[in-house]
$ cat coords27.cif   # mmCIF, C-alpha atoms
data_structure
loop_
_atom_site.group_PDB
_atom_site.id
_atom_site.type_symbol
_atom_site.label_atom_id
_atom_site.label_comp_id
_atom_site.auth_asym_id
_atom_site.auth_seq_id
_atom_site.Cartn_x
_atom_site.Cartn_y
_atom_site.Cartn_z
ATOM 1 C CA MET A 407 -8.668 -9.895 -2.958
ATOM 2 C CA ALA A 408 -4.986 -9.103 -3.153
ATOM 3 C CA ALA A 409 -2.858 -11.221 -5.404
ATOM 4 C CA ALA A 410 -0.889 -13.217 -2.900
ATOM 5 C CA SER A 411 0.925 -16.456 -2.432
ATOM 6 C CA SER A 412 -0.741 -19.042 -0.243
ATOM 7 C CA ASP A 413 0.762 -17.831 3.045
ATOM 8 C CA GLU A 414 -0.478 -14.263 2.759
ATOM 9 C CA CYS A 415 -4.060 -13.517 3.630
ATOM 10 C CA GLY A 416 -6.055 -10.397 3.128
ATOM 11 C CA TYR A 417 -9.400 -8.749 2.873
ATOM 12 C CA LEU A 418 -10.945 -5.676 1.315
ATOM 13 C CA ILE A 419 -13.496 -3.223 2.645
ATOM 14 C CA ARG A 420 -15.185 -0.829 0.189
ATOM 15 C CA LYS A 421 -17.060 2.260 1.319
ATOM 16 C CA SER A 422 -18.772 4.971 -0.683
ATOM 17 C CA SER A 423 -19.933 8.302 0.680
ATOM 18 C CA ASP A 424 -20.946 11.734 -0.547
ATOM 19 C CA ASP A 425 -17.248 12.672 -0.538
ATOM 20 C CA GLY A 426 -15.946 9.720 -2.557
ATOM 21 C CA HIS A 427 -14.812 6.137 -2.285
ATOM 22 C CA MET A 428 -12.561 4.363 0.209
ATOM 23 C CA PHE A 429 -10.785 1.045 -0.204
ATOM 24 C CA THR A 430 -9.137 -0.603 2.794
ATOM 25 C CA TYR A 431 -6.875 -3.636 2.494
ATOM 26 C CA ASP A 432 -5.502 -5.688 5.378
ATOM 27 C CA PHE A 433 -2.977 -8.445 4.730
ATOM 28 C CA THR A 434 0.217 -10.013 6.008
ATOM 29 C CA VAL A 435 3.522 -10.658 4.284
ATOM 30 C CA GLU A 436 5.490 -13.554 5.723
ATOM 31 C CA GLU A 437 9.082 -14.790 5.538
ATOM 32 C CA LEU A 438 10.639 -12.172 3.249
ATOM 33 C CA GLY A 439 14.046 -13.372 4.450
ATOM 34 C CA ASP A 440 13.427 -16.826 2.952
ATOM 35 C CA LYS A 441 11.462 -16.179 -0.206
ATOM 36 C CA GLY A 442 12.678 -12.772 -1.378
ATOM 37 C CA PRO A 443 10.573 -9.933 -2.824
ATOM 38 C CA TRP A 444 6.778 -10.169 -2.816
ATOM 39 C CA THR A 445 4.356 -7.841 -4.611
ATOM 40 C CA PHE A 446 0.826 -6.922 -3.558
ATOM 41 C CA HIS A 447 -1.111 -6.408 -6.818
ATOM 42 C CA GLU A 448 -4.691 -5.158 -6.849
ATOM 43 C CA GLU A 449 -6.893 -3.731 -9.594
ATOM 44 C CA PHE A 450 -10.078 -1.975 -8.516
ATOM 45 C CA GLN A 451 -12.808 0.401 -9.739
ATOM 46 C CA THR A 452 -14.818 3.055 -7.930
ATOM 47 C CA ASN A 453 -18.019 2.243 -9.859
ATOM 48 C CA CYS A 454 -18.922 5.884 -9.258
ATOM 49 C CA GLU A 455 -22.097 7.074 -11.001
ATOM 50 C CA SER A 456 -20.634 10.583 -11.519
ATOM 51 C CA ASN A 457 -17.046 9.829 -12.492
ATOM 52 C CA PRO A 458 -16.068 6.138 -12.561
ATOM 53 C CA THR A 459 -12.335 5.477 -12.277
ATOM 54 C CA SER A 460 -10.151 2.375 -12.280
ATOM 55 C CA TRP A 461 -6.842 1.802 -10.549
ATOM 56 C CA LEU A 462 -3.846 -0.497 -10.223
ATOM 57 C CA CYS A 463 -2.071 -0.620 -6.872
ATOM 58 C CA GLU A 464 1.247 -2.406 -6.464
ATOM 59 C CA ILE A 465 3.433 -2.579 -3.378
ATOM 60 C CA GLN A 466 6.736 -4.412 -3.473
ATOM 61 C CA PHE A 467 8.145 -5.750 -0.223
ATOM 62 C CA ARG A 468 11.798 -6.800 0.081
ATOM 63 C CA LYS A 469 13.808 -8.215 2.965
ATOM 64 C CA VAL A 470 16.040 -5.816 4.889
ATOM 65 C CA SER A 471 19.179 -5.245 2.829
ATOM 66 C CA ASP A 472 22.740 -6.066 3.884
ATOM 67 C CA TYR A 473 23.073 -2.310 4.529
ATOM 68 C CA ASN A 474 20.241 -2.412 7.120
ATOM 69 C CA ILE A 475 17.738 -0.629 4.881
ATOM 70 C CA ALA A 476 14.088 -1.673 4.786
ATOM 71 C CA LYS A 477 12.392 -0.480 1.605
ATOM 72 C CA VAL A 478 8.817 -0.822 0.402
ATOM 73 C CA SER A 479 7.892 0.567 -3.038
ATOM 74 C CA LEU A 480 4.308 1.747 -3.527
ATOM 75 C CA SER A 481 2.632 2.593 -6.840
ATOM 76 C CA LEU A 482 -0.978 3.632 -7.512
ATOM 77 C CA ARG A 483 -1.834 4.198 -11.182
ATOM 78 C CA ARG A 484 -5.116 5.464 -12.588
ATOM 79 C CA THR A 485 -5.897 3.100 -15.472
ATOM 80 C CA ASP A 486 -9.145 4.487 -16.925
ATOM 81 C CA SER A 487 -9.430 7.065 -19.728
ATOM 82 C CA GLY A 488 -11.899 9.426 -18.025
ATOM 83 C CA ASP A 489 -11.721 13.201 -18.493
ATOM 84 C CA ASN A 490 -12.261 14.356 -14.907
ATOM 85 C CA ASP A 491 -9.464 14.701 -12.375
ATOM 86 C CA VAL A 492 -9.854 13.321 -8.848
ATOM 87 C CA CYS A 493 -7.989 13.633 -5.550
ATOM 88 C CA VAL A 494 -6.303 10.616 -3.971
ATOM 89 C CA SER A 495 -5.112 9.871 -0.453
ATOM 90 C CA ILE A 496 -3.004 6.794 0.330
ATOM 91 C CA ILE A 497 -2.223 5.747 3.897
ATOM 92 C CA PRO A 498 0.013 2.694 4.303
ATOM 93 C CA PHE A 499 0.371 1.480 7.890
ATOM 94 C CA ILE A 500 2.926 -1.318 8.314
ATOM 95 C CA LYS A 501 4.016 -3.160 11.472
ATOM 96 C CA ASP A 502 6.642 -5.865 11.903
ATOM 97 C CA SER A 503 6.200 -9.220 13.671
ATOM 98 C CA ALA A 504 6.784 -7.521 17.039
ATOM 99 C CA GLU A 505 3.974 -5.099 16.051
ATOM 100 C CA ARG A 506 6.416 -2.183 15.913
ATOM 101 C CA PRO A 507 5.101 0.520 13.525
ATOM 102 C CA LEU A 508 7.379 1.139 10.565
ATOM 103 C CA PHE A 509 7.929 4.006 8.131
ATOM 104 C CA LYS A 510 6.250 6.597 10.394
ATOM 105 C CA SER A 511 2.847 5.942 8.758
ATOM 106 C CA LYS A 512 3.179 8.513 6.008
ATOM 107 C CA THR A 513 0.136 9.801 4.141
ATOM 108 C CA PHE A 514 0.395 10.551 0.435
ATOM 109 C CA ASP A 515 -2.111 13.081 -0.918
ATOM 110 C CA MET A 516 -2.357 14.011 -4.570
ATOM 111 C CA ARG A 517 -4.706 16.509 -6.196
ATOM 112 C CA ASP A 518 -5.729 16.599 -9.847
ATOM 113 C CA VAL A 519 -4.995 12.960 -10.648
ATOM 114 C CA SER A 520 -5.856 12.455 -14.293
ATOM 115 C CA ALA A 521 -6.206 9.283 -16.370
ATOM 116 C CA GLY A 522 -2.870 7.494 -16.727
ATOM 117 C CA HIS A 523 -1.260 9.362 -13.826
ATOM 118 C CA ALA A 524 0.695 7.401 -11.204
ATOM 119 C CA ILE A 525 1.719 8.062 -7.644
ATOM 120 C CA VAL A 526 5.034 6.340 -6.924
ATOM 121 C CA GLU A 527 6.657 6.439 -3.482
ATOM 122 C CA ASP A 528 9.374 4.566 -1.647
ATOM 123 C CA LEU A 529 9.079 3.978 2.079
ATOM 124 C CA VAL A 530 12.562 3.644 3.567
ATOM 125 C CA GLU A 531 13.692 2.934 7.111
ATOM 126 C CA ASP A 532 17.091 2.241 8.653
ATOM 127 C CA VAL A 533 16.878 -1.016 10.629
ATOM 128 C CA LYS A 534 20.130 -0.977 12.598
ATOM 129 C CA PHE A 535 19.743 -3.849 15.037
ATOM 130 C CA PRO A 536 19.718 -7.559 14.114
ATOM 131 C CA HIS A 537 16.605 -8.391 16.179
ATOM 132 C CA LEU A 538 14.668 -5.645 14.353
ATOM 133 C CA ARG A 539 15.753 -7.025 10.966
ATOM 134 C CA ILE A 540 14.526 -10.463 12.042
ATOM 135 C CA HIS A 541 11.091 -9.047 12.961
ATOM 136 C CA PHE A 542 10.806 -7.203 9.631
ATOM 137 C CA ASN A 543 11.819 -10.226 7.552
ATOM 138 C CA ARG A 544 9.623 -12.650 9.540
ATOM 139 C CA LYS A 545 6.197 -11.031 9.187
ATOM 140 C CA LEU A 546 4.647 -7.693 8.226
ATOM 141 C CA TYR A 547 1.110 -6.599 9.048
ATOM 142 C CA VAL A 548 -0.153 -4.210 6.385
ATOM 143 C CA HIS A 549 -3.164 -1.915 6.538
ATOM 144 C CA LEU A 550 -3.639 0.155 3.372
ATOM 145 C CA SER A 551 -6.299 2.853 2.945
ATOM 146 C CA ILE A 552 -6.924 4.458 -0.437
ATOM 147 C CA SER A 553 -9.461 7.281 -0.775
ATOM 148 C CA ILE A 554 -10.651 8.594 -4.136
ATOM 149 C CA ILE A 555 -12.372 11.950 -3.552
ATOM 150 C CA SER A 556 -13.735 14.905 -5.509
ATOM 151 C CA CYS A 557 -15.257 12.587 -8.097
ATOM 152 C CA HIS A 558 -18.818 13.710 -7.323
ATOM 153 C CA GLU A 559 -18.218 17.353 -8.257
#

$ encode --input "coords27.cif" --output "structure tokens"
Amino acid sequence: MAAASSDECGYLIRKSSDDGHMFTYDFTVEELGDKGPWTFHEEFQTNCESNPTSWLCEIQFRKVSDYNIAKVSLSLRRTDSGDNDVCVSIIPFIKDSAERPLFKSKTFDMRDVSAGHAIVEDLVEDVKFPHLRIHFNRKLYVHLSISIISCHE
């Protein structure tokens, strides 16, 4: 389960296939305007028979800035010491309290991820109108998919 304060809830779905391993997290982040930054923190392992890997995922959420910028910082770090490289795909899908999709649902793909390597990305969006800032700061719905592939080769 995601490390969260008492007003955030979440769940995890794990799937393994011939292609690799998929981890899906769904959670909410509430009242960023009142409580300030909040970090999703999750450590997980693939438990792969061919090439086991372990990971640390952190996503920091902040309220919309005084300059109307919404920013979410995402980091996925491979924490094991294995010799084999893997491929990683990260898909963060975030909606505000009005269920308006944010950050254009970017996908981050990385090949040849070795032990100790990190993927670090900032999602940034200009939130020009006050009612949109209110929706962002009130509640975010987060769906995060992480796929670890090419570990069975």

$ resolve_selection --input "coords27.cif" --expression "the PyMOL selection byres ((chain A and resi 497-512) around 6)" --output "PyMOL selection string"
chain A and resi 496+513+531+541-542+545-551

$ resolve_selection --input "coords27.cif" --expression "the PyMOL selection byres ((chain A and resi 478-495) around 8)" --output "PyMOL selection string"
chain A and resi 457-468+476-477+496-497+513-530+551-557

$ axis_aligned_box --input "coords27.cif" --around "region 503-519 of chain A" --padding-each-side "3 Å" --output "AutoDock Vina command-line options"
--center_x 1.1 --center_y 3.7 --center_z 3.2 --size_x 19.7 --size_y 31.8 --size_z 33.7

$ closest_residue --input "coords27.cif" --among "A:Val470, A:Leu538, A:Ile475, A:Val533" --to "Pro443 (chain A)" --atoms "only C-alpha atoms"
A:Val470

$ closest_residue --input "coords27.cif" --among "A:Arg420, A:Arg539, A:Lys469, A:Lys534" --to "Val435 (chain A)" --atoms "only C-alpha atoms"
A:Lys469

$ build_atoms --input "coords27.cif" --residues "region 482-493 of chain A" --atoms "all heavy atoms" --output "PDB file, in the coordinates of the input"
ATOM      1  N   LEU A 482       0.462   3.609  -7.237  1.00  0.00           N
ATOM      2  CA  LEU A 482      -0.978   3.632  -7.512  1.00  0.00           C
ATOM      3  C   LEU A 482      -1.164   4.362  -8.835  1.00  0.00           C
ATOM      4  O   LEU A 482      -0.813   5.534  -8.956  1.00  0.00           O
ATOM      5  CB  LEU A 482      -1.750   4.340  -6.398  1.00  0.00           C
ATOM      6  CG  LEU A 482      -3.261   4.419  -6.619  1.00  0.00           C
ATOM      7  CD1 LEU A 482      -3.894   3.023  -6.555  1.00  0.00           C
ATOM      8  CD2 LEU A 482      -3.915   5.333  -5.589  1.00  0.00           C
ATOM      9  N   ARG A 483      -1.678   3.641  -9.835  1.00  0.00           N
ATOM     10  CA  ARG A 483      -1.834   4.198 -11.182  1.00  0.00           C
ATOM     11  C   ARG A 483      -3.315   4.213 -11.561  1.00  0.00           C
ATOM     12  O   ARG A 483      -4.013   3.215 -11.410  1.00  0.00           O
ATOM     13  CB  ARG A 483      -1.054   3.371 -12.194  1.00  0.00           C
ATOM     14  CG  ARG A 483      -1.213   3.845 -13.640  1.00  0.00           C
ATOM     15  CD  ARG A 483      -0.349   3.051 -14.594  1.00  0.00           C
ATOM     16  NE  ARG A 483       1.043   3.018 -14.194  1.00  0.00           N
ATOM     17  CZ  ARG A 483       1.923   4.001 -14.417  1.00  0.00           C
ATOM     18  NH1 ARG A 483       1.536   5.093 -15.023  1.00  0.00           N
ATOM     19  NH2 ARG A 483       3.170   3.869 -14.037  1.00  0.00           N
ATOM     20  N   ARG A 484      -3.751   5.357 -12.061  1.00  0.00           N
ATOM     21  CA  ARG A 484      -5.116   5.464 -12.588  1.00  0.00           C
ATOM     22  C   ARG A 484      -5.114   4.871 -13.993  1.00  0.00           C
ATOM     23  O   ARG A 484      -4.364   5.325 -14.866  1.00  0.00           O
ATOM     24  CB  ARG A 484      -5.567   6.917 -12.593  1.00  0.00           C
ATOM     25  CG  ARG A 484      -7.005   7.060 -13.023  1.00  0.00           C
ATOM     26  CD  ARG A 484      -7.552   8.443 -12.799  1.00  0.00           C
ATOM     27  NE  ARG A 484      -8.778   8.590 -13.558  1.00  0.00           N
ATOM     28  CZ  ARG A 484      -9.414   9.732 -13.736  1.00  0.00           C
ATOM     29  NH1 ARG A 484      -8.946  10.840 -13.168  1.00  0.00           N
ATOM     30  NH2 ARG A 484     -10.512   9.768 -14.455  1.00  0.00           N
ATOM     31  N   THR A 485      -5.951   3.856 -14.224  1.00  0.00           N
ATOM     32  CA  THR A 485      -5.897   3.100 -15.472  1.00  0.00           C
ATOM     33  C   THR A 485      -7.064   3.364 -16.423  1.00  0.00           C
ATOM     34  O   THR A 485      -7.093   2.798 -17.521  1.00  0.00           O
ATOM     35  CB  THR A 485      -5.821   1.585 -15.174  1.00  0.00           C
ATOM     36  OG1 THR A 485      -6.964   1.201 -14.402  1.00  0.00           O
ATOM     37  CG2 THR A 485      -4.538   1.242 -14.424  1.00  0.00           C
ATOM     38  N   ASP A 486      -8.008   4.195 -16.032  1.00  0.00           N
ATOM     39  CA  ASP A 486      -9.145   4.487 -16.925  1.00  0.00           C
ATOM     40  C   ASP A 486      -8.763   5.623 -17.886  1.00  0.00           C
ATOM     41  O   ASP A 486      -7.671   6.173 -17.807  1.00  0.00           O
ATOM     42  CB  ASP A 486     -10.384   4.861 -16.108  1.00  0.00           C
ATOM     43  CG  ASP A 486     -10.172   6.130 -15.314  1.00  0.00           C
ATOM     44  OD1 ASP A 486      -9.676   6.023 -14.165  1.00  0.00           O
ATOM     45  OD2 ASP A 486     -10.465   7.232 -15.825  1.00  0.00           O
ATOM     46  N   SER A 487      -9.683   5.985 -18.770  1.00  0.00           N
ATOM     47  CA  SER A 487      -9.430   7.065 -19.728  1.00  0.00           C
ATOM     48  C   SER A 487     -10.396   8.235 -19.525  1.00  0.00           C
ATOM     49  O   SER A 487     -10.626   9.016 -20.439  1.00  0.00           O
ATOM     50  CB  SER A 487      -9.523   6.535 -21.158  1.00  0.00           C
ATOM     51  OG  SER A 487     -10.804   5.970 -21.377  1.00  0.00           O
ATOM     52  N   GLY A 488     -10.943   8.360 -18.317  1.00  0.00           N
ATOM     53  CA  GLY A 488     -11.899   9.426 -18.025  1.00  0.00           C
ATOM     54  C   GLY A 488     -11.289  10.820 -18.129  1.00  0.00           C
ATOM     55  O   GLY A 488     -10.065  10.999 -18.030  1.00  0.00           O
ATOM     56  N   ASP A 489     -12.164  11.823 -18.308  1.00  0.00           N
ATOM     57  CA  ASP A 489     -11.721  13.201 -18.493  1.00  0.00           C
ATOM     58  C   ASP A 489     -11.568  13.980 -17.195  1.00  0.00           C
ATOM     59  O   ASP A 489     -10.848  14.975 -17.160  1.00  0.00           O
ATOM     60  CB  ASP A 489     -12.723  13.958 -19.385  1.00  0.00           C
ATOM     61  CG  ASP A 489     -12.719  13.428 -20.809  1.00  0.00           C
ATOM     62  OD1 ASP A 489     -11.672  12.916 -21.248  1.00  0.00           O
ATOM     63  OD2 ASP A 489     -13.767  13.511 -21.470  1.00  0.00           O
ATOM     64  N   ASN A 490     -12.263  13.577 -16.144  1.00  0.00           N
ATOM     65  CA  ASN A 490     -12.261  14.356 -14.907  1.00  0.00           C
ATOM     66  C   ASN A 490     -11.133  13.946 -13.969  1.00  0.00           C
ATOM     67  O   ASN A 490     -10.860  12.768 -13.783  1.00  0.00           O
ATOM     68  CB  ASN A 490     -13.603  14.188 -14.180  1.00  0.00           C
ATOM     69  CG  ASN A 490     -14.752  14.734 -15.004  1.00  0.00           C
ATOM     70  OD1 ASN A 490     -14.582  15.610 -15.830  1.00  0.00           O
ATOM     71  ND2 ASN A 490     -15.924  14.182 -14.774  1.00  0.00           N
ATOM     72  N   ASP A 491     -10.502  14.944 -13.372  1.00  0.00           N
ATOM     73  CA  ASP A 491      -9.464  14.701 -12.375  1.00  0.00           C
ATOM     74  C   ASP A 491     -10.114  14.401 -11.021  1.00  0.00           C
ATOM     75  O   ASP A 491     -11.216  14.857 -10.736  1.00  0.00           O
ATOM     76  CB  ASP A 491      -8.553  15.926 -12.222  1.00  0.00           C
ATOM     77  CG  ASP A 491      -7.738  16.196 -13.469  1.00  0.00           C
ATOM     78  OD1 ASP A 491      -7.705  15.343 -14.373  1.00  0.00           O
ATOM     79  OD2 ASP A 491      -7.114  17.271 -13.537  1.00  0.00           O
ATOM     80  N   VAL A 492      -9.402  13.642 -10.204  1.00  0.00           N
ATOM     81  CA  VAL A 492      -9.854  13.321  -8.848  1.00  0.00           C
ATOM     82  C   VAL A 492      -8.693  13.562  -7.876  1.00  0.00           C
ATOM     83  O   VAL A 492      -7.552  13.753  -8.286  1.00  0.00           O
ATOM     84  CB  VAL A 492     -10.351  11.857  -8.730  1.00  0.00           C
ATOM     85  CG1 VAL A 492     -11.575  11.628  -9.599  1.00  0.00           C
ATOM     86  CG2 VAL A 492      -9.248  10.872  -9.059  1.00  0.00           C
ATOM     87  N   CYS A 493      -9.009  13.541  -6.592  1.00  0.00           N
ATOM     88  CA  CYS A 493      -7.989  13.633  -5.550  1.00  0.00           C
ATOM     89  C   CYS A 493      -7.836  12.246  -4.925  1.00  0.00           C
ATOM     90  O   CYS A 493      -8.802  11.504  -4.801  1.00  0.00           O
ATOM     91  CB  CYS A 493      -8.394  14.637  -4.477  1.00  0.00           C
ATOM     92  SG  CYS A 493      -8.569  16.317  -5.108  1.00  0.00           S
TER      93      CYS A 493
END
